[in-house]
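Everything below concerns the one structure shown next.
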Amino acid sequence: MLNKNEVLCHERYFGDLPGIEVGHRFYSRAEMVAVGLHKLLLKRIDYIGKPYVKSEYNGYTFPLAAAIVMSGQYEDDFGNREEIVYTGEGEKDIPGKKRQFRDQVMRCGNLALKNNKKQSVPVRVIRGHKCDDSYSKKVYIYDGLYKVKVTGYWDEKGVSGFKVFKYRLKRLRGQDNLTSQNQVHFVRGKVSRVQQELPGYECHIYMLLDRFLRCLCARTYQMVKKINASLFLIFIILLWLQQASFKYINSIKVAKNVSIPPDAPGCNCRGKCTNPRSCSCAQLNGGDFPYVSRDGGRLFEAKDVVFECGPNCGCGPECVNRTSQQGLKYQLEVYRTKEKGWAVRSLDFIPSGAPVCEYVGILRKNDELEDISENDYIFEIDCWHTMKGIGGRERRLGDVSLPMSNLVDEVDERTLESEPEPEFCIDASSFGNVARFINHSCDPNLFVQCILSSHHDVRLARIVLFAADDIPRMQELTYDYNYAIDSVIGPDGKTKQLPCFCGTSECRKRLY
Ligand SMILES: C[S@@+](CC[C@H](N)C(=O)[O-])C[C@H]1O[C@@H](n2cnc3c(N)ncnc32)[C@H](O)[C@@H]1O
């Protein structure tokens, strides 16, 4: 079509294309080339090398990007729908493992996006989603115009250990609402095999239980008297659960010999924290809020640690920087699987970056547990390992300024240098919440985020699971347990092995 001059737009344009509205769908990259929305069939950044003779962009520094595609091919991309962190292009094994294999270079599309930032030129954003009804098995949806934020460019070591360029883009205001959410399954949003496997032995009462417990704690006896029949029923179920092998709790219990540090000083904001420059909690997160307020708060990107507002902050409970403290927002269902025992799925769609649940249990000292290898419900708090990239851990994006004085007061500096073992863990074997039923996957849809909201001691950070992708309803929720193979030793002193049944194409075949 290009050769025969049969494409609609031969030249490249910046901004919206006439007739192509937000939500417009294309069933292959070729269709986008034909209408001129994104003119490069194989590249992700469509850029213009030099200005046309008559162009409003005469005098601008070129190259400039006109359109970008985001379709799950780059392991370092991240973001929700209004703000995205986009990874530059190149040096990537797209046909093979889809991993970066060399440092990216600042030229072509990468340089173009940098120039867009400098000169505030908007770029069209198109997202690719998986779609079984499409002849190419993909659908590309036009999401509108975005601009690279003023502070939105940097380079870093990507997930595969090579330099990648990063661009933080924000959607321009005043455009039509995004349409893609809830309508299609996203590239990594496969409905799990387990859904078809088992109709399920269901108990989707955990959200209600969670709320119920919150109510009981927060309200007075007067309120309790008003409990209606359905809550009463839940109460009966709660009692029944208490007889079961574990007791349902909705916040951490602390073992007697663990002392929680005093609450950290808070910010001076009122109501909701809105100004990152004046909010001291935002400063701890590298100068910005870690959440965007859409959908009740979504984490913008995985971080080493997130500092939320806490008890000494001036803001109220509705502050966006308390997103993980709101309790369960989605209806979660515990159901039985053939090979992994109990599992959890959501009856609701979960948008990427949304908090799903906190891992709750008894906060204990690790060395006290008699036999960790026999306890399936231990979560070791190893935030420090992520922060330091210890034990093969991948560092997270984003700057945080951990008040080292707090930590070093508590931990011997030599211990830190010698790659310490996690000191504390959350034991959900006898007390826990729905998180204890979430299984491992080698290609998970949740990720673990350490959060500090009252004190600032990373050894005792809260563990919260967030959606790594848009998660369709009924898909099993999973996170990566992150065991090193052969790292678990049984009571007989021999290495233990556990086969993995996550069923994904990325499966490493063993949990440990
Ligand atoms: C925290 S529990 C998860 C809930 C558990 N399935 C249950 O029935 O209570 C962790 C245990 O679940 C099982 N499990 C989790 N993910 C698995 C996987 N991908 N393959 C096989 N077993 C898994 C293993 O026995 C593991 O020790």
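Lettering and numbering for the structure tokens are positional, with chains as A, B, ... in the shown order, residues counted from 1 in each chain, and ligands counted from 1 in the shown order.
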
Next item on the list: Let me have all residues with an atom within 9 Å of ligand 1, counting only C-alpha atoms and all ligand atoms, laid out as JSON, numbers by chain.
Entry: {"A": [336, 337, 339, 340, 341, 342, 343, 344, 374, 375, 376, 377, 378, 379, 428, 429, 435, 436, 437, 438, 439, 440, 441, 442, 478, 479, 480, 481, 498, 499, 500, 501, 502, 503, 507, 509, 510, 511]}

Could the residues in this selection be saved with C-alpha atoms as an mmCIF file, in the first residue's frame?
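After the write, result_24.cif holds the following:
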```
data_model
loop_
_atom_site.group_PDB
_atom_site.id
_atom_site.type_symbol
_atom_site.label_atom_id
_atom_site.label_comp_id
_atom_site.auth_asym_id
_atom_site.auth_seq_id
_atom_site.Cartn_x
_atom_site.Cartn_y
_atom_site.Cartn_z
ATOM 1 C CA ARG A 336 -9.907 -24.876 45.375
ATOM 2 C CA THR A 337 -7.474 -25.884 42.625
ATOM 3 C CA GLU A 339 -2.634 -28.986 42.082
ATOM 4 C CA LYS A 340 -1.983 -25.987 44.301
ATOM 5 C CA GLY A 341 -4.559 -26.334 47.065
ATOM 6 C CA TRP A 342 -6.479 -23.129 47.763
ATOM 7 C CA ALA A 343 -6.115 -20.117 45.493
ATOM 8 C CA VAL A 344 -7.530 -16.594 45.212
ATOM 9 C CA GLU A 374 7.484 -26.847 57.153
ATOM 10 C CA ASN A 375 5.440 -23.642 57.305
ATOM 11 C CA ASP A 376 3.801 -22.649 54.011
ATOM 12 C CA TYR A 377 2.554 -19.312 55.300
ATOM 13 C CA ILE A 378 5.733 -17.443 56.228
ATOM 14 C CA PHE A 379 6.538 -14.188 54.470
ATOM 15 C CA ALA A 428 0.108 -16.368 58.622
ATOM 16 C CA SER A 429 -0.133 -20.020 59.635
ATOM 17 C CA ALA A 435 -3.330 -13.068 51.268
ATOM 18 C CA ARG A 436 -2.211 -16.356 52.833
ATOM 19 C CA PHE A 437 -4.099 -18.225 50.087
ATOM 20 C CA ILE A 438 -2.449 -16.465 47.175
ATOM 21 C CA ASN A 439 -0.264 -18.837 45.197
ATOM 22 C CA HIS A 440 3.064 -18.391 43.463
ATOM 23 C CA SER A 441 3.437 -17.856 39.728
ATOM 24 C CA CYS A 442 6.562 -17.458 37.628
ATOM 25 C CA THR A 478 -0.533 -14.699 42.033
ATOM 26 C CA TYR A 479 2.793 -13.204 42.986
ATOM 27 C CA ASP A 480 6.353 -14.432 42.617
ATOM 28 C CA TYR A 481 7.477 -16.057 45.882
ATOM 29 C CA LEU A 498 8.690 -28.173 45.380
ATOM 30 C CA PRO A 499 7.414 -28.448 41.803
ATOM 31 C CA CYS A 500 5.655 -25.400 40.437
ATOM 32 C CA PHE A 501 2.214 -25.744 38.878
ATOM 33 C CA CYS A 502 1.734 -22.134 37.855
ATOM 34 C CA GLY A 503 1.179 -23.325 34.278
ATOM 35 C CA CYS A 507 7.433 -21.434 34.501
ATOM 36 C CA LYS A 509 9.340 -25.683 37.074
ATOM 37 C CA ARG A 510 10.187 -25.429 40.752
ATOM 38 C CA LEU A 511 9.193 -23.017 43.508
#
```

Next item on the list: Would you mind listing what lies within 9 Å of Phe14 (chain A) as a PyMOL selection string, with only C-alpha atoms counted and same-chain residues fewer than 3 positions away left out?
Entry: chain A and resi 17+64-67+121-124

Note to self: Would you pick out the contacts of Ser134 (chain A) at 12 Å or less, using only C-alpha atoms, so that residues sharing its chain but fewer than 2 positions from it are not included, and give the list as a ChimeraX atom specification?
What the structure shows: /A:25-29,128-132,136-140,184

Take the residues just selected and output them with C-alpha atoms as a PDB file, in the first residue's frame.
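Contents of out-v8.pdb, freshly written:
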```
ATOM      1  CA  ARG A  25      -9.432   0.281  17.370  1.00  0.00           C
ATOM      2  CA  PHE A  26      -6.980  -1.221  14.940  1.00  0.00           C
ATOM      3  CA  TYR A  27      -6.620  -4.924  14.470  1.00  0.00           C
ATOM      4  CA  SER A  28      -2.974  -4.887  13.375  1.00  0.00           C
ATOM      5  CA  ARG A  29       0.025  -2.563  13.248  1.00  0.00           C
ATOM      6  CA  GLY A 128      -1.836  -3.084  22.232  1.00  0.00           C
ATOM      7  CA  HIS A 129      -3.980  -5.657  23.949  1.00  0.00           C
ATOM      8  CA  LYS A 130      -4.500  -9.333  23.432  1.00  0.00           C
ATOM      9  CA  CYS A 131      -7.716 -10.053  21.565  1.00  0.00           C
ATOM     10  CA  ASP A 132      -8.779 -13.486  20.395  1.00  0.00           C
ATOM     11  CA  SER A 136      -3.712 -10.720  14.404  1.00  0.00           C
ATOM     12  CA  LYS A 137      -4.828 -11.799  17.919  1.00  0.00           C
ATOM     13  CA  LYS A 138      -4.169  -8.212  19.026  1.00  0.00           C
ATOM     14  CA  VAL A 139      -6.132  -5.016  19.132  1.00  0.00           C
ATOM     15  CA  TYR A 140      -4.491  -1.576  19.244  1.00  0.00           C
ATOM     16  CA  VAL A 184     -10.613  -6.249  26.410  1.00  0.00           C
TER      17      VAL A 184
END
```

Item checked: A:Ala112, A:Ala461, A:Val125, A:Ala468 ranked by distance to Leu37 (chain A), top pick (using only C-alpha atoms) -> A:Val125

Checklist line | Atom-to-atom span, CA of Val148 (chain A) and CA of Cys269 (chain A), Å | finding: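 So the answer is 28.1 Å.
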
Check: Out of A:Gln175, A:Lys92, A:Asn275, A:Tyr47, which residue has the shortest atom-to-atom distance to Asn116 (chain A) when counting only C-alpha atoms?
Finding: A:Tyr47

Check: Leaving out Cys319 (chain A) and any residue of its chain fewer than 5 positions from it, which residues lie within 10 Å of it when counting only C-alpha atoms, given as JSON, numbers by chain?
Finding: {"A": [269, 270, 271, 272, 273, 274, 293, 296, 297, 308, 309, 314]}

Could you dump the residues just selected with C-alpha atoms as a PDB file, in the first residue's frame?
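Dumped to part-v5.pdb:
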```pdb
ATOM      1  CA  CYS A 269      -0.580  18.844  55.180  1.00  0.00           C
ATOM      2  CA  ARG A 270      -4.290  19.226  55.941  1.00  0.00           C
ATOM      3  CA  GLY A 271      -7.148  17.128  54.523  1.00  0.00           C
ATOM      4  CA  LYS A 272      -5.458  15.494  51.566  1.00  0.00           C
ATOM      5  CA  CYS A 273      -1.816  15.789  50.590  1.00  0.00           C
ATOM      6  CA  THR A 274      -1.739  17.469  47.206  1.00  0.00           C
ATOM      7  CA  SER A 293      -5.652   9.231  42.703  1.00  0.00           C
ATOM      8  CA  GLY A 296      -9.189   5.261  44.587  1.00  0.00           C
ATOM      9  CA  GLY A 297      -5.392   5.285  44.341  1.00  0.00           C
ATOM     10  CA  GLU A 308       2.846   6.536  53.123  1.00  0.00           C
ATOM     11  CA  CYS A 309       1.386   9.128  55.436  1.00  0.00           C
ATOM     12  CA  GLY A 314      -1.798  16.214  59.379  1.00  0.00           C
TER      13      GLY A 314
END
```

Next item on the list: Could you give me, as a VMD selection string, each residue of region 293-351 of chain A that DSSP assigns to strand (DSSP E or B) when run on this structure's backbone?
Entry: chain A and resid 298 to 299 303 306 to 307 315 332 to 336 342 to 346 350

Item checked: Glu11 (chain A) surroundings by only C-alpha atoms, 10 Å radius, close-in-sequence under 6 positions cut, as a VMD selection string -> chain A and resid 36 39 48 52

Margin query: What's around Ala30 (chain A) at 9 Å? Count only C-alpha atoms, leave out sequence neighbours fewer than 6 positions away in its own chain, and write the answer as an MDAnalysis selection string.
Written below: chainID A and resid 38:41

Save out the residues we just selected, N, CA and C atoms, as a PDB file, in the first residue's frame.
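Written out: part-v2.pdb:
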```
ATOM      1  N   HIS A  38       0.405   5.514  13.314  1.00  0.00           N
ATOM      2  CA  HIS A  38       1.770   5.138  13.684  1.00  0.00           C
ATOM      3  C   HIS A  38       2.384   4.535  12.431  1.00  0.00           C
ATOM      4  N   LYS A  39       3.357   5.203  11.861  1.00  0.00           N
ATOM      5  CA  LYS A  39       3.777   4.872  10.498  1.00  0.00           C
ATOM      6  C   LYS A  39       4.848   3.785  10.404  1.00  0.00           C
ATOM      7  N   LEU A  40       5.403   3.373  11.544  1.00  0.00           N
ATOM      8  CA  LEU A  40       6.476   2.377  11.450  1.00  0.00           C
ATOM      9  C   LEU A  40       5.952   1.015  11.908  1.00  0.00           C
ATOM     10  N   LEU A  41       6.026   0.064  11.002  1.00  0.00           N
ATOM     11  CA  LEU A  41       5.392  -1.230  11.249  1.00  0.00           C
ATOM     12  C   LEU A  41       6.020  -1.968  12.430  1.00  0.00           C
TER      13      LEU A  41
END
```

Notebook entry, point to check: What gap, in Å, lies between CA of Asn312 (chain A) and CA of Gln449 (chain A)?
Noted result: 22.1 Å

Note to self: Calculated over only C-alpha atoms, which of the candidates A:Arg459, A:Arg345, A:Lys365, A:Arg102 has the smallest distance to Glu476 (chain A)?
What the structure shows: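 Under the stated criterion, the closest residue is A:Arg345.
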
Item checked: Nearest to Ile126 (chain A) by atom-to-atom distance, counting only C-alpha atoms, from A:Asp469, A:Asp143, A:Asp382, A:Glu301 ->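 Among A:Asp469, A:Asp143, A:Asp382, A:Glu301, it is A:Asp143 that comes nearest to Ile126 (chain A).
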
Checklist line | Coordinates-based distance that separates CA of Val292 (chain A) from CA of Val306 (chain A) (Å, one decimal) | finding: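 Result for CA of Val306 (chain A) versus CA of Val292 (chain A): 13.3 Å, one decimal.
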
Item checked: Minimum-distance residue to Ser346 (chain A), chosen among A:Pro472, A:Gly59, A:Gly23, A:Pro51 (using only C-alpha atoms) ->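 Checking each of A:Pro472, A:Gly59, A:Gly23, A:Pro51 against Ser346 (chain A), counting only C-alpha atoms, the winner is A:Pro472.
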
Note to self: Let me make sure I understand: among A:Gly266, A:Pro261, A:Gly310, A:Gly361, which one has the smallest atom-to-atom distance to Asp457 (chain A) if we use only C-alpha atoms?
What the structure shows: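 Going through A:Gly266, A:Pro261, A:Gly310, A:Gly361 one by one, the smallest distance to Asp457 (chain A) is for A:Pro261.
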